[in-house]
Amino acid sequence: MQAIEDEDPEDGQLQRFIFYRLVCRPVNLRVVKRVENLLLEKYHFRRKVEEGLEEYIQVLVSSVRHVKSFEKYKARLREREIEIPPDVEEAIRNYLRG
């Protein structure tokens, strides 16, 4: 709540709260209602934080897709009895992690 009142878009706890609210349903809305109401009162500030988080969300979504694709390709290679050398697999995983 302090980060909202100070309008500090770099506060990690606030960013996590807004991120979870963007992607998840509320579990215990009564507990977070005061924070939600404060964010609703400061719409422009909330949008500023959300816009900053959009880039992270895009990276998360695209990397999950790539990791799933990589796992599919690995399975197809294994079916053909082709093994990926461990150092190559590690390099690919590091690349996918960014």
# chains A, B, ... in the order shown; residues from 1 in each chain; ligands from 1
$ residues_around --residues "region 63-78 of chain A" --least-positions-apart "6" --cutoff "10 Å" --atoms "only C-alpha atoms" --output "PDB file with N, CA and C atoms, in the first residue's frame"
ATOM      1  N   ILE A  57       5.553 -10.092 -19.307  1.00  0.00           N
ATOM      2  CA  ILE A  57       4.530 -11.084 -19.638  1.00  0.00           C
ATOM      3  C   ILE A  57       4.776 -11.644 -21.037  1.00  0.00           C
ATOM      4  N   ILE A  84      20.660 -35.595 -28.401  1.00  0.00           N
ATOM      5  CA  ILE A  84      21.254 -34.259 -28.419  1.00  0.00           C
ATOM      6  C   ILE A  84      22.414 -34.283 -27.422  1.00  0.00           C
ATOM      7  N   GLU A  89      22.376 -29.330 -25.652  1.00  0.00           N
ATOM      8  CA  GLU A  89      21.089 -29.166 -24.980  1.00  0.00           C
ATOM      9  C   GLU A  89      21.164 -28.053 -23.934  1.00  0.00           C
ATOM     10  N   ILE A  92      21.084 -24.682 -25.641  1.00  0.00           N
ATOM     11  CA  ILE A  92      19.732 -24.354 -26.097  1.00  0.00           C
ATOM     12  C   ILE A  92      18.875 -23.919 -24.913  1.00  0.00           C
ATOM     13  N   ARG A  93      18.966 -24.637 -23.809  1.00  0.00           N
ATOM     14  CA  ARG A  93      18.183 -24.257 -22.614  1.00  0.00           C
ATOM     15  C   ARG A  93      18.581 -22.861 -22.113  1.00  0.00           C
ATOM     16  N   TYR A  95      19.766 -20.460 -23.898  1.00  0.00           N
ATOM     17  CA  TYR A  95      19.229 -19.505 -24.868  1.00  0.00           C
ATOM     18  C   TYR A  95      17.747 -19.272 -24.621  1.00  0.00           C
ATOM     19  N   LEU A  96      16.992 -20.341 -24.376  1.00  0.00           N
ATOM     20  CA  LEU A  96      15.546 -20.220 -24.157  1.00  0.00           C
ATOM     21  C   LEU A  96      15.233 -19.478 -22.860  1.00  0.00           C
ATOM     22  N   ARG A  97      16.107 -19.602 -21.870  1.00  0.00           N
ATOM     23  CA  ARG A  97      15.912 -18.863 -20.606  1.00  0.00           C
ATOM     24  C   ARG A  97      16.211 -17.384 -20.767  1.00  0.00           C
ATOM     25  N   GLY A  98      16.872 -17.040 -21.845  1.00  0.00           N
ATOM     26  CA  GLY A  98      17.155 -15.623 -22.094  1.00  0.00           C
ATOM     27  C   GLY A  98      18.449 -15.212 -21.490  1.00  0.00           C
TER      28      GLY A  98
END
$ select_by_dssp --residues "chain A" --states "helix (DSSP H, G or I)" --output "short mmCIF file (atom, residue, chain, number, x, y, z; two decimals) with N, CA and C atoms, in the first residue's frame"
data_model
loop_
_atom_site.label_atom_id
_atom_site.label_comp_id
_atom_site.auth_asym_id
_atom_site.auth_seq_id
_atom_site.Cartn_x
_atom_site.Cartn_y
_atom_site.Cartn_z
N GLN A 2 2.04 1.15 0.68
CA GLN A 2 2.92 2.30 0.73
C GLN A 2 3.44 2.65 -0.66
N ALA A 3 3.78 1.64 -1.46
CA ALA A 3 4.27 1.88 -2.82
C ALA A 3 3.20 2.55 -3.67
N ILE A 4 1.95 2.20 -3.46
CA ILE A 4 0.85 2.82 -4.21
C ILE A 4 0.70 4.28 -3.78
N GLU A 5 0.73 4.49 -2.48
CA GLU A 5 0.59 5.86 -1.99
C GLU A 5 1.76 6.74 -2.45
N ASP A 6 2.98 6.14 -2.50
CA ASP A 6 4.16 6.88 -2.97
C ASP A 6 4.26 6.92 -4.49
N GLY A 12 9.12 -3.84 -6.09
CA GLY A 12 8.98 -5.24 -6.51
C GLY A 12 7.74 -5.92 -5.96
N GLN A 13 7.42 -5.65 -4.72
CA GLN A 13 6.22 -6.26 -4.12
C GLN A 13 4.96 -5.78 -4.84
N LEU A 14 4.90 -4.51 -5.17
CA LEU A 14 3.75 -3.97 -5.90
C LEU A 14 3.68 -4.58 -7.30
N GLN A 15 4.82 -4.70 -7.97
CA GLN A 15 4.83 -5.29 -9.30
C GLN A 15 4.32 -6.73 -9.26
N ARG A 16 4.77 -7.50 -8.26
CA ARG A 16 4.29 -8.88 -8.14
C ARG A 16 2.79 -8.92 -7.88
N PHE A 17 2.32 -8.04 -7.02
CA PHE A 17 0.89 -8.01 -6.71
C PHE A 17 0.08 -7.73 -7.98
N ILE A 18 0.48 -6.71 -8.73
CA ILE A 18 -0.25 -6.35 -9.95
C ILE A 18 -0.13 -7.47 -10.99
N PHE A 19 1.06 -8.05 -11.11
CA PHE A 19 1.24 -9.15 -12.06
C PHE A 19 0.31 -10.31 -11.72
N TYR A 20 0.28 -10.72 -10.45
CA TYR A 20 -0.59 -11.83 -10.06
C TYR A 20 -2.05 -11.49 -10.30
N ARG A 21 -2.43 -10.25 -10.07
CA ARG A 21 -3.82 -9.84 -10.30
C ARG A 21 -4.13 -9.82 -11.80
N LEU A 22 -3.13 -9.55 -12.63
CA LEU A 22 -3.36 -9.56 -14.07
C LEU A 22 -3.60 -10.97 -14.59
N VAL A 23 -2.89 -11.94 -14.04
CA VAL A 23 -2.93 -13.29 -14.60
C VAL A 23 -3.72 -14.29 -13.77
N LEU A 29 -10.30 -12.24 -1.78
CA LEU A 29 -10.50 -10.84 -2.16
C LEU A 29 -10.65 -9.92 -0.95
N ARG A 30 -11.21 -10.43 0.14
CA ARG A 30 -11.37 -9.57 1.33
C ARG A 30 -10.02 -9.08 1.84
N VAL A 31 -9.00 -9.92 1.77
CA VAL A 31 -7.68 -9.56 2.26
C VAL A 31 -7.05 -8.48 1.38
N VAL A 32 -7.25 -8.55 0.08
CA VAL A 32 -6.60 -7.62 -0.84
C VAL A 32 -7.50 -6.47 -1.26
N LYS A 33 -8.72 -6.44 -0.76
CA LYS A 33 -9.69 -5.43 -1.20
C LYS A 33 -9.18 -4.00 -0.99
N ARG A 34 -8.56 -3.71 0.15
CA ARG A 34 -8.07 -2.35 0.40
C ARG A 34 -7.01 -1.95 -0.62
N VAL A 35 -6.14 -2.88 -0.94
CA VAL A 35 -5.10 -2.60 -1.94
C VAL A 35 -5.74 -2.42 -3.31
N GLU A 36 -6.68 -3.30 -3.64
CA GLU A 36 -7.40 -3.18 -4.91
C GLU A 36 -8.08 -1.82 -5.03
N ASN A 37 -8.77 -1.41 -3.99
CA ASN A 37 -9.47 -0.12 -4.02
C ASN A 37 -8.51 1.03 -4.19
N LEU A 38 -7.36 0.97 -3.53
CA LEU A 38 -6.37 2.02 -3.67
C LEU A 38 -5.84 2.08 -5.11
N LEU A 39 -5.62 0.92 -5.70
CA LEU A 39 -5.17 0.88 -7.10
C LEU A 39 -6.25 1.41 -8.04
N LEU A 40 -7.51 1.11 -7.73
CA LEU A 40 -8.60 1.61 -8.56
C LEU A 40 -8.70 3.13 -8.49
N GLU A 41 -8.40 3.69 -7.33
CA GLU A 41 -8.42 5.15 -7.19
C GLU A 41 -7.29 5.81 -7.98
N TYR A 43 -5.86 5.02 -11.01
CA TYR A 43 -5.91 4.30 -12.28
C TYR A 43 -4.68 4.56 -13.15
N HIS A 44 -4.28 5.81 -13.31
CA HIS A 44 -3.16 6.13 -14.20
C HIS A 44 -1.86 5.52 -13.69
N PHE A 45 -1.68 5.52 -12.39
CA PHE A 45 -0.50 4.89 -11.81
C PHE A 45 -0.52 3.39 -12.05
N ARG A 46 -1.68 2.75 -11.82
CA ARG A 46 -1.81 1.31 -12.04
C ARG A 46 -1.49 0.96 -13.49
N ARG A 47 -2.02 1.75 -14.42
CA ARG A 47 -1.74 1.50 -15.85
C ARG A 47 -0.25 1.63 -16.15
N LYS A 48 0.41 2.58 -15.50
CA LYS A 48 1.85 2.76 -15.71
C LYS A 48 2.61 1.51 -15.29
N VAL A 49 2.26 0.96 -14.14
CA VAL A 49 2.91 -0.26 -13.66
C VAL A 49 2.57 -1.43 -14.58
N GLU A 50 1.30 -1.56 -14.96
CA GLU A 50 0.89 -2.66 -15.84
C GLU A 50 1.62 -2.60 -17.18
N GLU A 51 1.77 -1.42 -17.73
CA GLU A 51 2.48 -1.29 -19.01
C GLU A 51 3.92 -1.73 -18.88
N GLY A 52 4.54 -1.41 -17.74
CA GLY A 52 5.91 -1.85 -17.51
C GLY A 52 6.02 -3.36 -17.39
N LEU A 53 4.96 -3.99 -16.90
CA LEU A 53 4.97 -5.44 -16.72
C LEU A 53 4.61 -6.19 -18.00
N GLU A 54 4.01 -5.51 -18.96
CA GLU A 54 3.60 -6.19 -20.20
C GLU A 54 4.78 -6.83 -20.92
N GLU A 55 5.93 -6.17 -20.89
CA GLU A 55 7.12 -6.74 -21.55
C GLU A 55 7.51 -8.05 -20.88
N TYR A 56 7.47 -8.10 -19.55
CA TYR A 56 7.80 -9.34 -18.84
C TYR A 56 6.81 -10.44 -19.20
N ILE A 57 5.55 -10.09 -19.31
CA ILE A 57 4.53 -11.08 -19.64
C ILE A 57 4.78 -11.64 -21.04
N GLN A 58 5.12 -10.78 -21.98
CA GLN A 58 5.40 -11.24 -23.35
C GLN A 58 6.59 -12.19 -23.38
N VAL A 59 7.64 -11.87 -22.64
CA VAL A 59 8.82 -12.75 -22.57
C VAL A 59 8.43 -14.08 -21.95
N LEU A 60 7.65 -14.05 -20.88
CA LEU A 60 7.22 -15.27 -20.21
C LEU A 60 6.41 -16.15 -21.16
N VAL A 61 5.45 -15.56 -21.83
CA VAL A 61 4.59 -16.32 -22.73
C VAL A 61 5.40 -16.92 -23.88
N SER A 62 6.26 -16.12 -24.50
CA SER A 62 7.01 -16.63 -25.64
C SER A 62 8.03 -17.68 -25.22
N SER A 63 8.66 -17.52 -24.05
CA SER A 63 9.65 -18.51 -23.64
C SER A 63 8.98 -19.83 -23.27
N VAL A 64 7.78 -19.78 -22.68
CA VAL A 64 7.07 -21.02 -22.36
C VAL A 64 6.75 -21.77 -23.65
N ARG A 65 6.31 -21.06 -24.67
CA ARG A 65 6.01 -21.69 -25.95
C ARG A 65 7.25 -22.36 -26.54
N HIS A 66 8.39 -21.64 -26.47
CA HIS A 66 9.63 -22.18 -27.04
C HIS A 66 10.12 -23.40 -26.28
N VAL A 67 10.00 -23.37 -24.96
CA VAL A 67 10.42 -24.52 -24.17
C VAL A 67 9.56 -25.73 -24.51
N LYS A 68 8.25 -25.54 -24.64
CA LYS A 68 7.37 -26.65 -25.00
C LYS A 68 7.74 -27.19 -26.39
N SER A 69 8.03 -26.29 -27.33
CA SER A 69 8.42 -26.73 -28.68
C SER A 69 9.72 -27.52 -28.62
N PHE A 70 10.66 -27.04 -27.83
CA PHE A 70 11.94 -27.74 -27.70
C PHE A 70 11.72 -29.15 -27.16
N GLU A 71 10.85 -29.28 -26.17
CA GLU A 71 10.57 -30.61 -25.61
C GLU A 71 9.94 -31.52 -26.67
N LYS A 72 9.08 -30.98 -27.52
CA LYS A 72 8.48 -31.78 -28.60
C LYS A 72 9.56 -32.26 -29.58
N TYR A 73 10.47 -31.33 -29.94
CA TYR A 73 11.54 -31.71 -30.87
C TYR A 73 12.45 -32.77 -30.26
N LYS A 74 12.74 -32.62 -28.97
CA LYS A 74 13.57 -33.64 -28.30
C LYS A 74 12.90 -35.00 -28.34
N ALA A 75 11.59 -35.04 -28.09
CA ALA A 75 10.86 -36.31 -28.11
C ALA A 75 10.89 -36.93 -29.51
N ARG A 76 10.73 -36.10 -30.52
CA ARG A 76 10.78 -36.61 -31.90
C ARG A 76 12.16 -37.16 -32.24
N LEU A 77 13.19 -36.47 -31.78
CA LEU A 77 14.55 -36.95 -32.03
C LEU A 77 14.79 -38.27 -31.30
N ARG A 78 14.32 -38.37 -30.05
CA ARG A 78 14.48 -39.62 -29.28
C ARG A 78 13.78 -40.78 -29.98
N GLU A 79 12.59 -40.52 -30.56
CA GLU A 79 11.86 -41.57 -31.29
C GLU A 79 12.70 -42.11 -32.44
N PRO A 86 24.77 -33.34 -24.50
CA PRO A 86 24.42 -32.55 -23.32
C PRO A 86 24.84 -31.09 -23.39
N ASP A 87 26.02 -30.81 -23.95
CA ASP A 87 26.46 -29.42 -24.02
C ASP A 87 25.60 -28.61 -24.99
N VAL A 88 25.13 -29.24 -26.06
CA VAL A 88 24.25 -28.56 -27.00
C VAL A 88 22.89 -28.32 -26.36
N GLU A 89 22.38 -29.33 -25.65
CA GLU A 89 21.09 -29.17 -24.98
C GLU A 89 21.16 -28.05 -23.93
N GLU A 90 22.26 -28.01 -23.18
CA GLU A 90 22.42 -26.96 -22.17
C GLU A 90 22.49 -25.58 -22.82
N ALA A 91 23.18 -25.47 -23.95
CA ALA A 91 23.27 -24.19 -24.67
C ALA A 91 21.89 -23.74 -25.15
N ILE A 92 21.08 -24.68 -25.64
CA ILE A 92 19.73 -24.35 -26.10
C ILE A 92 18.88 -23.92 -24.91
N ARG A 93 18.97 -24.64 -23.81
CA ARG A 93 18.18 -24.26 -22.61
C ARG A 93 18.58 -22.86 -22.11
N ASN A 94 19.86 -22.58 -22.09
CA ASN A 94 20.33 -21.24 -21.68
C ASN A 94 19.78 -20.17 -22.61
N TYR A 95 19.77 -20.46 -23.90
CA TYR A 95 19.23 -19.50 -24.87
C TYR A 95 17.75 -19.27 -24.62
N LEU A 96 16.99 -20.34 -24.38
CA LEU A 96 15.55 -20.22 -24.16
C LEU A 96 15.23 -19.48 -22.86
N ARG A 97 16.11 -19.60 -21.87
CA ARG A 97 15.91 -18.86 -20.61
C ARG A 97 16.21 -17.38 -20.77
#
$ decode --residues "chain A" --atoms "C-alpha atoms" --output "PDB file, in the first residue's frame"
ATOM      1  CA  MET A   1       0.000   0.000   0.000  1.00  0.00           C
ATOM      2  CA  GLN A   2       2.922   2.303   0.730  1.00  0.00           C
ATOM      3  CA  ALA A   3       4.269   1.880  -2.815  1.00  0.00           C
ATOM      4  CA  ILE A   4       0.851   2.821  -4.210  1.00  0.00           C
ATOM      5  CA  GLU A   5       0.595   5.861  -1.986  1.00  0.00           C
ATOM      6  CA  ASP A   6       4.163   6.884  -2.966  1.00  0.00           C
ATOM      7  CA  GLU A   7       3.398   5.983  -6.600  1.00  0.00           C
ATOM      8  CA  ASP A   8       6.599   3.927  -6.827  1.00  0.00           C
ATOM      9  CA  PRO A   9       6.307   1.825 -10.003  1.00  0.00           C
ATOM     10  CA  GLU A  10       9.673   0.140  -9.297  1.00  0.00           C
ATOM     11  CA  ASP A  11       8.532  -1.486  -6.034  1.00  0.00           C
ATOM     12  CA  GLY A  12       8.980  -5.241  -6.506  1.00  0.00           C
ATOM     13  CA  GLN A  13       6.224  -6.258  -4.123  1.00  0.00           C
ATOM     14  CA  LEU A  14       3.754  -3.971  -5.901  1.00  0.00           C
ATOM     15  CA  GLN A  15       4.832  -5.295  -9.301  1.00  0.00           C
ATOM     16  CA  ARG A  16       4.292  -8.881  -8.144  1.00  0.00           C
ATOM     17  CA  PHE A  17       0.886  -8.008  -6.712  1.00  0.00           C
ATOM     18  CA  ILE A  18      -0.254  -6.353  -9.947  1.00  0.00           C
ATOM     19  CA  PHE A  19       1.243  -9.153 -12.057  1.00  0.00           C
ATOM     20  CA  TYR A  20      -0.595 -11.831 -10.056  1.00  0.00           C
ATOM     21  CA  ARG A  21      -3.816  -9.840 -10.302  1.00  0.00           C
ATOM     22  CA  LEU A  22      -3.359  -9.558 -14.070  1.00  0.00           C
ATOM     23  CA  VAL A  23      -2.934 -13.286 -14.603  1.00  0.00           C
ATOM     24  CA  CYS A  24      -4.803 -14.872 -11.681  1.00  0.00           C
ATOM     25  CA  ARG A  25      -8.224 -14.794 -10.127  1.00  0.00           C
ATOM     26  CA  PRO A  26      -8.398 -13.432  -6.592  1.00  0.00           C
ATOM     27  CA  VAL A  27      -8.171 -16.138  -3.970  1.00  0.00           C
ATOM     28  CA  ASN A  28      -9.099 -14.109  -0.903  1.00  0.00           C
ATOM     29  CA  LEU A  29     -10.503 -10.842  -2.159  1.00  0.00           C
ATOM     30  CA  ARG A  30     -11.370  -9.575   1.330  1.00  0.00           C
ATOM     31  CA  VAL A  31      -7.676  -9.558   2.263  1.00  0.00           C
ATOM     32  CA  VAL A  32      -6.598  -7.620  -0.840  1.00  0.00           C
ATOM     33  CA  LYS A  33      -9.685  -5.429  -1.199  1.00  0.00           C
ATOM     34  CA  ARG A  34      -8.072  -2.350   0.400  1.00  0.00           C
ATOM     35  CA  VAL A  35      -5.098  -2.604  -1.942  1.00  0.00           C
ATOM     36  CA  GLU A  36      -7.401  -3.182  -4.914  1.00  0.00           C
ATOM     37  CA  ASN A  37      -9.473  -0.124  -4.018  1.00  0.00           C
ATOM     38  CA  LEU A  38      -6.370   2.023  -3.672  1.00  0.00           C
ATOM     39  CA  LEU A  39      -5.174   0.881  -7.095  1.00  0.00           C
ATOM     40  CA  LEU A  40      -8.604   1.612  -8.563  1.00  0.00           C
ATOM     41  CA  GLU A  41      -8.419   5.146  -7.188  1.00  0.00           C
ATOM     42  CA  LYS A  42      -5.019   5.641  -8.846  1.00  0.00           C
ATOM     43  CA  TYR A  43      -5.914   4.304 -12.282  1.00  0.00           C
ATOM     44  CA  HIS A  44      -3.155   6.130 -14.200  1.00  0.00           C
ATOM     45  CA  PHE A  45      -0.497   4.892 -11.814  1.00  0.00           C
ATOM     46  CA  ARG A  46      -1.810   1.315 -12.041  1.00  0.00           C
ATOM     47  CA  ARG A  47      -1.744   1.503 -15.847  1.00  0.00           C
ATOM     48  CA  LYS A  48       1.845   2.764 -15.711  1.00  0.00           C
ATOM     49  CA  VAL A  49       2.914  -0.260 -13.661  1.00  0.00           C
ATOM     50  CA  GLU A  50       0.885  -2.655 -15.844  1.00  0.00           C
ATOM     51  CA  GLU A  51       2.477  -1.289 -19.012  1.00  0.00           C
ATOM     52  CA  GLY A  52       5.911  -1.852 -17.510  1.00  0.00           C
ATOM     53  CA  LEU A  53       4.970  -5.443 -16.725  1.00  0.00           C
ATOM     54  CA  GLU A  54       3.601  -6.186 -20.203  1.00  0.00           C
ATOM     55  CA  GLU A  55       7.115  -6.735 -21.548  1.00  0.00           C
ATOM     56  CA  TYR A  56       7.797  -9.336 -18.844  1.00  0.00           C
ATOM     57  CA  ILE A  57       4.530 -11.084 -19.638  1.00  0.00           C
ATOM     58  CA  GLN A  58       5.396 -11.238 -23.348  1.00  0.00           C
ATOM     59  CA  VAL A  59       8.816 -12.747 -22.568  1.00  0.00           C
ATOM     60  CA  LEU A  60       7.216 -15.266 -20.210  1.00  0.00           C
ATOM     61  CA  VAL A  61       4.588 -16.324 -22.732  1.00  0.00           C
ATOM     62  CA  SER A  62       7.014 -16.628 -25.639  1.00  0.00           C
ATOM     63  CA  SER A  63       9.653 -18.511 -23.637  1.00  0.00           C
ATOM     64  CA  VAL A  64       7.066 -21.020 -22.360  1.00  0.00           C
ATOM     65  CA  ARG A  65       6.010 -21.693 -25.954  1.00  0.00           C
ATOM     66  CA  HIS A  66       9.631 -22.175 -27.040  1.00  0.00           C
ATOM     67  CA  VAL A  67      10.421 -24.524 -24.165  1.00  0.00           C
ATOM     68  CA  LYS A  68       7.371 -26.654 -25.004  1.00  0.00           C
ATOM     69  CA  SER A  69       8.421 -26.727 -28.680  1.00  0.00           C
ATOM     70  CA  PHE A  70      11.942 -27.741 -27.699  1.00  0.00           C
ATOM     71  CA  GLU A  71      10.568 -30.609 -25.613  1.00  0.00           C
ATOM     72  CA  LYS A  72       8.479 -31.783 -28.599  1.00  0.00           C
ATOM     73  CA  TYR A  73      11.537 -31.710 -30.871  1.00  0.00           C
ATOM     74  CA  LYS A  74      13.572 -33.635 -28.297  1.00  0.00           C
ATOM     75  CA  ALA A  75      10.859 -36.308 -28.113  1.00  0.00           C
ATOM     76  CA  ARG A  76      10.780 -36.612 -31.897  1.00  0.00           C
ATOM     77  CA  LEU A  77      14.550 -36.954 -32.025  1.00  0.00           C
ATOM     78  CA  ARG A  78      14.484 -39.615 -29.285  1.00  0.00           C
ATOM     79  CA  GLU A  79      11.861 -41.566 -31.286  1.00  0.00           C
ATOM     80  CA  ARG A  80      14.404 -41.668 -34.100  1.00  0.00           C
ATOM     81  CA  GLU A  81      17.124 -42.619 -31.614  1.00  0.00           C
ATOM     82  CA  ILE A  82      18.962 -39.337 -32.124  1.00  0.00           C
ATOM     83  CA  GLU A  83      20.509 -37.938 -28.954  1.00  0.00           C
ATOM     84  CA  ILE A  84      21.254 -34.259 -28.419  1.00  0.00           C
ATOM     85  CA  PRO A  85      24.728 -33.865 -26.904  1.00  0.00           C
ATOM     86  CA  PRO A  86      24.424 -32.553 -23.316  1.00  0.00           C
ATOM     87  CA  ASP A  87      26.463 -29.415 -24.021  1.00  0.00           C
ATOM     88  CA  VAL A  88      24.252 -28.555 -27.004  1.00  0.00           C
ATOM     89  CA  GLU A  89      21.089 -29.166 -24.980  1.00  0.00           C
ATOM     90  CA  GLU A  90      22.422 -26.956 -22.169  1.00  0.00           C
ATOM     91  CA  ALA A  91      23.266 -24.194 -24.670  1.00  0.00           C
ATOM     92  CA  ILE A  92      19.732 -24.354 -26.097  1.00  0.00           C
ATOM     93  CA  ARG A  93      18.183 -24.257 -22.614  1.00  0.00           C
ATOM     94  CA  ASN A  94      20.326 -21.243 -21.679  1.00  0.00           C
ATOM     95  CA  TYR A  95      19.229 -19.505 -24.868  1.00  0.00           C
ATOM     96  CA  LEU A  96      15.546 -20.220 -24.157  1.00  0.00           C
ATOM     97  CA  ARG A  97      15.912 -18.863 -20.606  1.00  0.00           C
ATOM     98  CA  GLY A  98      17.155 -15.623 -22.094  1.00  0.00           C
TER      99      GLY A  98
END
